[in-house]
Structures are given as C-alpha cells and as structure tokens.
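Note sheet for the following structure.
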Amino acid sequence: MKFMVQFKNLGFNTEEIEKISNFYGVITDKIFNHVVENYDYFLSLGYKNKNIIKMMALCPYICNMSVLEIDKARKFFLDSGYSESVINHMTNLFPDLYRYSEIYLDLTRLFLINIGYDNQEVNKMTSIYPNIFALGTDNLNRKIRYFMDNGYTLSQIKQMFLKTPKLFGIDEDFLEKRKRYFLEIGYSFFDMLDMTSTYPMLFSFSDGTLKRVRSYFISRGFNNEEINEMTKRFPSLYSYHVKRFEEKFNYFLSKGYTLDQIRKMVLQVPAIFGYSNESLNGRRSYLKEHGYSDEEIHNMTIVFPALYDFKEDEIELKFHLIDTYGLEGAVRDNPIVLGQSSHLIYARGCYLASQGYFLDENSAKVLVTDFMTFQKKFGISNKEVKSLYPIEDFEENLILGNRIKIKSKNKK
C-alpha cells in the first residue's frame, strides 16, 4: 500500500494503517498530508504520540479533518466549560467527538440539564464517559425510564448516573441479568435497590468478578447471609481483588487478632477492607497518642472495630471532648461510646452545665449513655439538646466556662 512506510515512520502499526485505509478505500496524497498535519497539530495540543495514533485508528475521520474543523469542535467544549486537558482526555477515550455537530452535542447536554443536572455535573459525567454523546437522547431517556420502572426514584437515578455515567451505556438485558443474580443469591428487592443506588458500579461487574469475591469469603468461613450482610453495608467490597482481602487478614493476624476476631470485626465494619495498612497503622498510632496501650487498642477494636473506620476530623473533636470531660475510662470500659456523636456529647455537657451539674470522671459517663436513659433522667431528648447547643459553638465554649470542673487525669 502507498504510504505504508510513511505511516510506520509516524509510529502506526499494520493493523492501524489498515483501519484507516479501509475507511477511505484509497489513501491519497491529500489525505496523508492531512494525517501529518493533524498529527503535528495534536502534538501541539498536548496529546501523546501513542494517543494520536490510537485516535486516528479508532476514528479515521479525523485524519482528513482540517485544523479549522478540529478547532471548531474543541471550541464547543471550551465554551461549555471543559478545560483543554479534559477535552484531550475525552477525545482520547472517544475520538468520535470530533465528528459530531454542535447541534447534536448540544441536544445531549440540554437533555441532561433538563432532567436536573447542572452544567458542572454534565461536564463531570461526560468527561468520565464521553460515549454518552453517542447514545442519543432517546436512548438516555429509555435508560432513565428503565430504572424508574424498576423502583428507583428520579433522585436516586440522577445520583447513580452522576457516580457511574457508564450506566447510560450498559445494555438493559445485562442490567436485568445483574438484577436477577442479586435476587437469586438472597438479597431482597429493597436490598438490591439500596446497594445498586449506593454503588451503581455493581451493574457493570461480570458474574466472574462477583462470584470470585463471594467464593473467597466462603473459603474464610463466612456463610451466604453474612456475605450478603457485609456487601449490603459496603457494596464496593465487590470491587476488590482477593489479594486485598488476604492482605487485610494477614495484617490483623500480625497484630495479634485471631481469625474468629477478624471475622467478627469485618462483619461489623466491612469498610475496613478499604483502608491501606498505612492508614490502619495511623489509626492505631492516634489511639496510642491518647494514652491507650496496644492491649487496650486490641480489646477496644474487637468490641468496636469502627475505631478503624473513623474520620480524622471527627475523632479529633471527639477525643478533645473525651479529654475535657474525663471520659477515657468510659472508653476503655465500653469503646462503643465512641460511636456517640461529638455534637451530642458536647450538647449534653452544655445542658448539664447550664443546670448546675458537677461532672467528674465517673459522673461524666452520663454524656455517652443511651438516649432513653438520658431523657428519663434529665427530661430532654437528643434532638432538643442538640438544637439548644450547636456544635459550631464548641470552639467558643470549649471548657463551658467554669461551670464544669474536670479532675486531673494521669494518662498511661
């Protein structure tokens, strides 16, 4: 074929050259000159050599476009709020974007805006999955109708597509197959709705991927109901490779936990699998900094494994309150009290101070008691006490004036 050597000098392989040749029938001098000109122009726009070649092979149409036509196509996206780098990313994934008219592209954007997305959300979805533009508004509308007919609310559907815009491109037969699979392995219809609305990527996984995860946990002694319960709480568990699970089991074994203890911990907080060993070590170090020994951390996390799942800003505030009220002993005795919200601990402390109560390390435990006990004893509900004392006031009223006196504490 004419120009074979020239194409190969640019980096094209035989298969890529054949795709371009088959599209045009005959590669003329004019077409090849455009290939060279566009190749150089795409380089100047920041594309890498291999991406330019891939784009031209996937969409040979752009080989013969003029630079003005390329600029016009890019201008539409720039005017719509996409950056140059995002445009490059989108067209790397789906070079056919250069073929579509502004009117056609705008119809898709207007459709998405009319169902409630703002411009920024439309840009986010289409930059992740630019193939949305190829589907047409009828197909997009049909996909939304499919989910509505299957029990999802419009609000849920909008969030699902925002999280996983690839859903727009998944065949409805495949969606049906995935739905049947979840129901057949024991999830209720509403469990399936909750899981897939929280983590819509589940619809894109193959049977093999889902079965591989379940088989691993069965090999570790979990039964079908326990696997379902874990994945209901943390559906992205299905996205992890079994090596990740094995790594976490080995990590906890190295810290002295037994297999049975690990099993109970991950049943309560399957999100633990989402953390790196470095992050888990960081949480242990944080607890040590607050005076807890390795043995205490071990015992506390067996009872309340969510200690490994805390958000640092929340736990920082919580331990500030624990230090303020002398609640370290309450935490050691019953680490589940750490599940109590910082706002509630703070608001209860403010309320009791306003009523003239004296709190020491023993009586302060009432701050983390259950809501029925607290309401019966002091006559105020959790909702009422939190509305009286917004957590935003904490910095200004940290020690609650002089109304609460805390005994001095010696940390281990």
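Lettering and numbering for the structure tokens are positional, with chains as A, B, ... in the shown order, residues counted from 1 in each chain, and ligands counted from 1 in the shown order.
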message: Just want the 12 Å neighbourhood of region 301-308 of chain A, counted on only C-alpha atoms, with same-chain residues fewer than 2 positions away dropped. Output as a ChimeraX atom specification.
response: /A:252,255-287,292,294-299,310-312,314-315,318,331-340
message: Set the distance at 12 Å and use only C-alpha atoms: which residues neighbour Ser44 (chain A) once local chain neighbours fewer than 5 positions away are removed? I'd like the list as a PyMOL selection string.
response: chain A and resi 37-39+49+52+67+84+88
- prompt: Smallest atom-to-atom distance to Phe319 (chain A): which of A:Tyr146, A:Phe203, A:Tyr346, A:Tyr104, using only C-alpha atoms?
  reply: A:Tyr346
query: Which residue gives the smallest distance to Ile62 (chain A) among A:Asp191, A:Asp96, A:Asp29, A:Asp106, with only C-alpha atoms counted?
result: A:Asp96
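When the distance limit is 12 Å and only C-alpha atoms are what count, the residues near Lys124 (chain A), minus those fewer than 6 positions from it on the same chain, are A:Ser80, A:Gly81, A:Tyr82, A:Ser83, A:Val86, A:Ile87, A:Met90, A:Arg109, A:Leu112, A:Tyr117, A:Asp118, A:Pro130, A:Ile132, A:Phe161, A:Leu162, A:Lys163, A:Thr164, A:Pro165.
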query: When DSSP works through the backbone of this structure, what residues of region 169-282 of chain A end up as helix (DSSP H, G or I), shown as a PyMOL selection string?
result: chain A and resi 169+172-184+189-198+200-204+207-219+224-233+235-239+242-254+259-268+270-274+277-282
With C-alpha atoms kept, could you save the residues just selected as a PDB file, in the first residue's frame?
ATOM      1  CA  GLY A 169     -24.191   2.653  28.045  1.00  0.00           C
ATOM      2  CA  GLU A 172     -30.786  -3.332  29.533  1.00  0.00           C
ATOM      3  CA  ASP A 173     -30.553  -7.107  29.109  1.00  0.00           C
ATOM      4  CA  PHE A 174     -27.308  -7.045  31.083  1.00  0.00           C
ATOM      5  CA  LEU A 175     -28.915  -4.874  33.768  1.00  0.00           C
ATOM      6  CA  GLU A 176     -31.745  -7.401  34.033  1.00  0.00           C
ATOM      7  CA  LYS A 177     -29.261 -10.257  34.303  1.00  0.00           C
ATOM      8  CA  ARG A 178     -27.401  -8.486  37.094  1.00  0.00           C
ATOM      9  CA  LYS A 179     -30.622  -7.724  38.952  1.00  0.00           C
ATOM     10  CA  ARG A 180     -31.719 -11.385  38.756  1.00  0.00           C
ATOM     11  CA  TYR A 181     -28.312 -12.506  40.029  1.00  0.00           C
ATOM     12  CA  PHE A 182     -28.555 -10.403  43.199  1.00  0.00           C
ATOM     13  CA  LEU A 183     -32.081 -11.601  43.901  1.00  0.00           C
ATOM     14  CA  GLU A 184     -31.135 -15.250  43.316  1.00  0.00           C
ATOM     15  CA  PHE A 189     -35.558  -6.460  46.253  1.00  0.00           C
ATOM     16  CA  PHE A 190     -35.069  -3.439  48.508  1.00  0.00           C
ATOM     17  CA  ASP A 191     -31.555  -4.548  49.487  1.00  0.00           C
ATOM     18  CA  MET A 192     -30.724  -4.732  45.804  1.00  0.00           C
ATOM     19  CA  LEU A 193     -32.144  -1.227  45.261  1.00  0.00           C
ATOM     20  CA  ASP A 194     -30.138   0.205  48.172  1.00  0.00           C
ATOM     21  CA  MET A 195     -26.889  -1.472  47.128  1.00  0.00           C
ATOM     22  CA  THR A 196     -27.046  -0.501  43.485  1.00  0.00           C
ATOM     23  CA  SER A 197     -28.199   3.046  44.160  1.00  0.00           C
ATOM     24  CA  THR A 198     -25.314   3.472  46.638  1.00  0.00           C
ATOM     25  CA  PRO A 200     -24.149   1.635  40.849  1.00  0.00           C
ATOM     26  CA  MET A 201     -20.861   0.253  39.516  1.00  0.00           C
ATOM     27  CA  LEU A 202     -22.242  -3.131  40.652  1.00  0.00           C
ATOM     28  CA  PHE A 203     -24.281  -3.230  37.458  1.00  0.00           C
ATOM     29  CA  SER A 204     -21.107  -3.271  35.374  1.00  0.00           C
ATOM     30  CA  ASP A 207     -20.591 -12.772  37.065  1.00  0.00           C
ATOM     31  CA  GLY A 208     -16.996 -13.933  37.439  1.00  0.00           C
ATOM     32  CA  THR A 209     -15.994 -10.840  39.427  1.00  0.00           C
ATOM     33  CA  LEU A 210     -18.936 -11.130  41.819  1.00  0.00           C
ATOM     34  CA  LYS A 211     -18.537 -14.890  42.290  1.00  0.00           C
ATOM     35  CA  ARG A 212     -14.793 -14.581  42.922  1.00  0.00           C
ATOM     36  CA  VAL A 213     -15.391 -12.233  45.870  1.00  0.00           C
ATOM     37  CA  ARG A 214     -18.105 -14.439  47.333  1.00  0.00           C
ATOM     38  CA  SER A 215     -16.011 -17.590  46.910  1.00  0.00           C
ATOM     39  CA  TYR A 216     -13.137 -16.004  48.835  1.00  0.00           C
ATOM     40  CA  PHE A 217     -15.297 -15.220  51.849  1.00  0.00           C
ATOM     41  CA  ILE A 218     -16.885 -18.672  51.772  1.00  0.00           C
ATOM     42  CA  SER A 219     -13.346 -20.113  51.912  1.00  0.00           C
ATOM     43  CA  ASN A 224     -24.104 -16.690  52.315  1.00  0.00           C
ATOM     44  CA  GLU A 225     -26.163 -14.500  54.664  1.00  0.00           C
ATOM     45  CA  GLU A 226     -23.043 -12.973  56.227  1.00  0.00           C
ATOM     46  CA  ILE A 227     -21.579 -12.164  52.817  1.00  0.00           C
ATOM     47  CA  ASN A 228     -24.845 -10.516  51.836  1.00  0.00           C
ATOM     48  CA  GLU A 229     -24.890  -8.509  55.065  1.00  0.00           C
ATOM     49  CA  MET A 230     -21.309  -7.260  54.572  1.00  0.00           C
ATOM     50  CA  THR A 231     -21.877  -6.285  50.953  1.00  0.00           C
ATOM     51  CA  LYS A 232     -25.145  -4.544  51.810  1.00  0.00           C
ATOM     52  CA  ARG A 233     -23.220  -2.355  54.235  1.00  0.00           C
ATOM     53  CA  PRO A 235     -21.170  -2.840  48.344  1.00  0.00           C
ATOM     54  CA  SER A 236     -17.854  -1.667  46.934  1.00  0.00           C
ATOM     55  CA  LEU A 237     -16.432  -4.815  48.560  1.00  0.00           C
ATOM     56  CA  TYR A 238     -17.242  -6.433  45.231  1.00  0.00           C
ATOM     57  CA  SER A 239     -14.700  -4.171  43.528  1.00  0.00           C
ATOM     58  CA  VAL A 242      -8.980 -11.229  46.660  1.00  0.00           C
ATOM     59  CA  LYS A 243      -5.352 -10.200  47.222  1.00  0.00           C
ATOM     60  CA  ARG A 244      -6.690  -7.138  49.035  1.00  0.00           C
ATOM     61  CA  PHE A 245      -8.756  -9.317  51.371  1.00  0.00           C
ATOM     62  CA  GLU A 246      -5.832 -11.632  52.017  1.00  0.00           C
ATOM     63  CA  GLU A 247      -3.599  -8.661  52.801  1.00  0.00           C
ATOM     64  CA  LYS A 248      -6.063  -7.377  55.421  1.00  0.00           C
ATOM     65  CA  PHE A 249      -6.444 -10.774  57.097  1.00  0.00           C
ATOM     66  CA  ASN A 250      -2.656 -11.077  57.297  1.00  0.00           C
ATOM     67  CA  TYR A 251      -2.382  -7.540  58.679  1.00  0.00           C
ATOM     68  CA  PHE A 252      -4.766  -8.221  61.552  1.00  0.00           C
ATOM     69  CA  LEU A 253      -3.222 -11.634  62.239  1.00  0.00           C
ATOM     70  CA  SER A 254       0.156  -9.884  62.577  1.00  0.00           C
ATOM     71  CA  LEU A 259      -9.261 -15.441  62.734  1.00  0.00           C
ATOM     72  CA  ASP A 260     -12.539 -15.521  64.618  1.00  0.00           C
ATOM     73  CA  GLN A 261     -11.968 -12.000  65.960  1.00  0.00           C
ATOM     74  CA  ILE A 262     -11.111 -10.701  62.477  1.00  0.00           C
ATOM     75  CA  ARG A 263     -14.193 -12.364  61.083  1.00  0.00           C
ATOM     76  CA  LYS A 264     -16.422 -10.673  63.681  1.00  0.00           C
ATOM     77  CA  MET A 265     -14.742  -7.307  63.103  1.00  0.00           C
ATOM     78  CA  VAL A 266     -15.198  -7.275  59.333  1.00  0.00           C
ATOM     79  CA  LEU A 267     -18.790  -8.450  59.688  1.00  0.00           C
ATOM     80  CA  GLN A 268     -19.461  -5.304  61.725  1.00  0.00           C
ATOM     81  CA  PRO A 270     -16.559  -4.333  56.205  1.00  0.00           C
ATOM     82  CA  ALA A 271     -15.259  -0.889  55.190  1.00  0.00           C
ATOM     83  CA  ILE A 272     -12.034  -1.890  56.971  1.00  0.00           C
ATOM     84  CA  PHE A 273     -11.074  -3.639  53.733  1.00  0.00           C
ATOM     85  CA  GLY A 274     -10.992  -0.242  52.056  1.00  0.00           C
ATOM     86  CA  ASN A 277      -2.204  -0.911  56.106  1.00  0.00           C
ATOM     87  CA  GLU A 278      -0.595   2.502  56.471  1.00  0.00           C
ATOM     88  CA  SER A 279      -3.986   4.068  57.285  1.00  0.00           C
ATOM     89  CA  LEU A 280      -4.792   1.350  59.819  1.00  0.00           C
ATOM     90  CA  ASN A 281      -1.398   1.870  61.463  1.00  0.00           C
ATOM     91  CA  GLY A 282      -2.141   5.580  61.595  1.00  0.00           C
TER      92      GLY A 282
END
field: Polymer residues at most 12 Å from Asp138 (chain A), only C-alpha atoms, same-chain spacing of 3 or more positions, as a PyMOL selection string
entry: chain A and resi 107-108+111-112+132-135+141-145+168
Produce a file of the selected residues containing C-alpha atoms, as an mmCIF file, in the first residue's frame.
data_model
loop_
_atom_site.group_PDB
_atom_site.id
_atom_site.type_symbol
_atom_site.label_atom_id
_atom_site.label_comp_id
_atom_site.auth_asym_id
_atom_site.auth_seq_id
_atom_site.Cartn_x
_atom_site.Cartn_y
_atom_site.Cartn_z
ATOM 1 C CA LEU A 107 -29.043 18.168 22.371
ATOM 2 C CA THR A 108 -27.392 15.689 24.728
ATOM 3 C CA PHE A 111 -31.361 16.708 27.818
ATOM 4 C CA LEU A 112 -29.162 16.148 30.882
ATOM 5 C CA ILE A 132 -22.850 9.478 26.388
ATOM 6 C CA PHE A 133 -22.821 11.802 23.380
ATOM 7 C CA ALA A 134 -23.078 8.819 21.026
ATOM 8 C CA LEU A 135 -26.175 7.327 22.640
ATOM 9 C CA ASN A 141 -34.458 8.705 28.225
ATOM 10 C CA ARG A 142 -35.182 4.987 27.863
ATOM 11 C CA LYS A 143 -32.441 4.132 30.355
ATOM 12 C CA ILE A 144 -33.876 6.545 32.936
ATOM 13 C CA ARG A 145 -37.332 5.061 32.357
ATOM 14 C CA PHE A 168 -26.065 5.005 30.372
#
message: At a cut-off of 12 Å, using only C-alpha atoms, what residues contact region 91-93 of chain A? Leave out same-chain residues fewer than 3 positions from it and give the result as a PyMOL selection string.
response: chain A and resi 42+45-59+62+70+73-74+77+82+84-88+96-100+126-133
- request: For CA of Ala364 (chain A) and CA of His343 (chain A), quote the distance in Å rounded to one decimal.
  value: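 About the pair CA of Ala364 (chain A) and CA of His343 (chain A): they are 15.3 Å apart.
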message: With distances taken over only C-alpha atoms, which residue among A:Met300, A:Leu78, A:Ile391, A:Leu359 lies nearest Ala347 (chain A)?
response: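 So, comparing all the options, the nearest one is A:Ile391.
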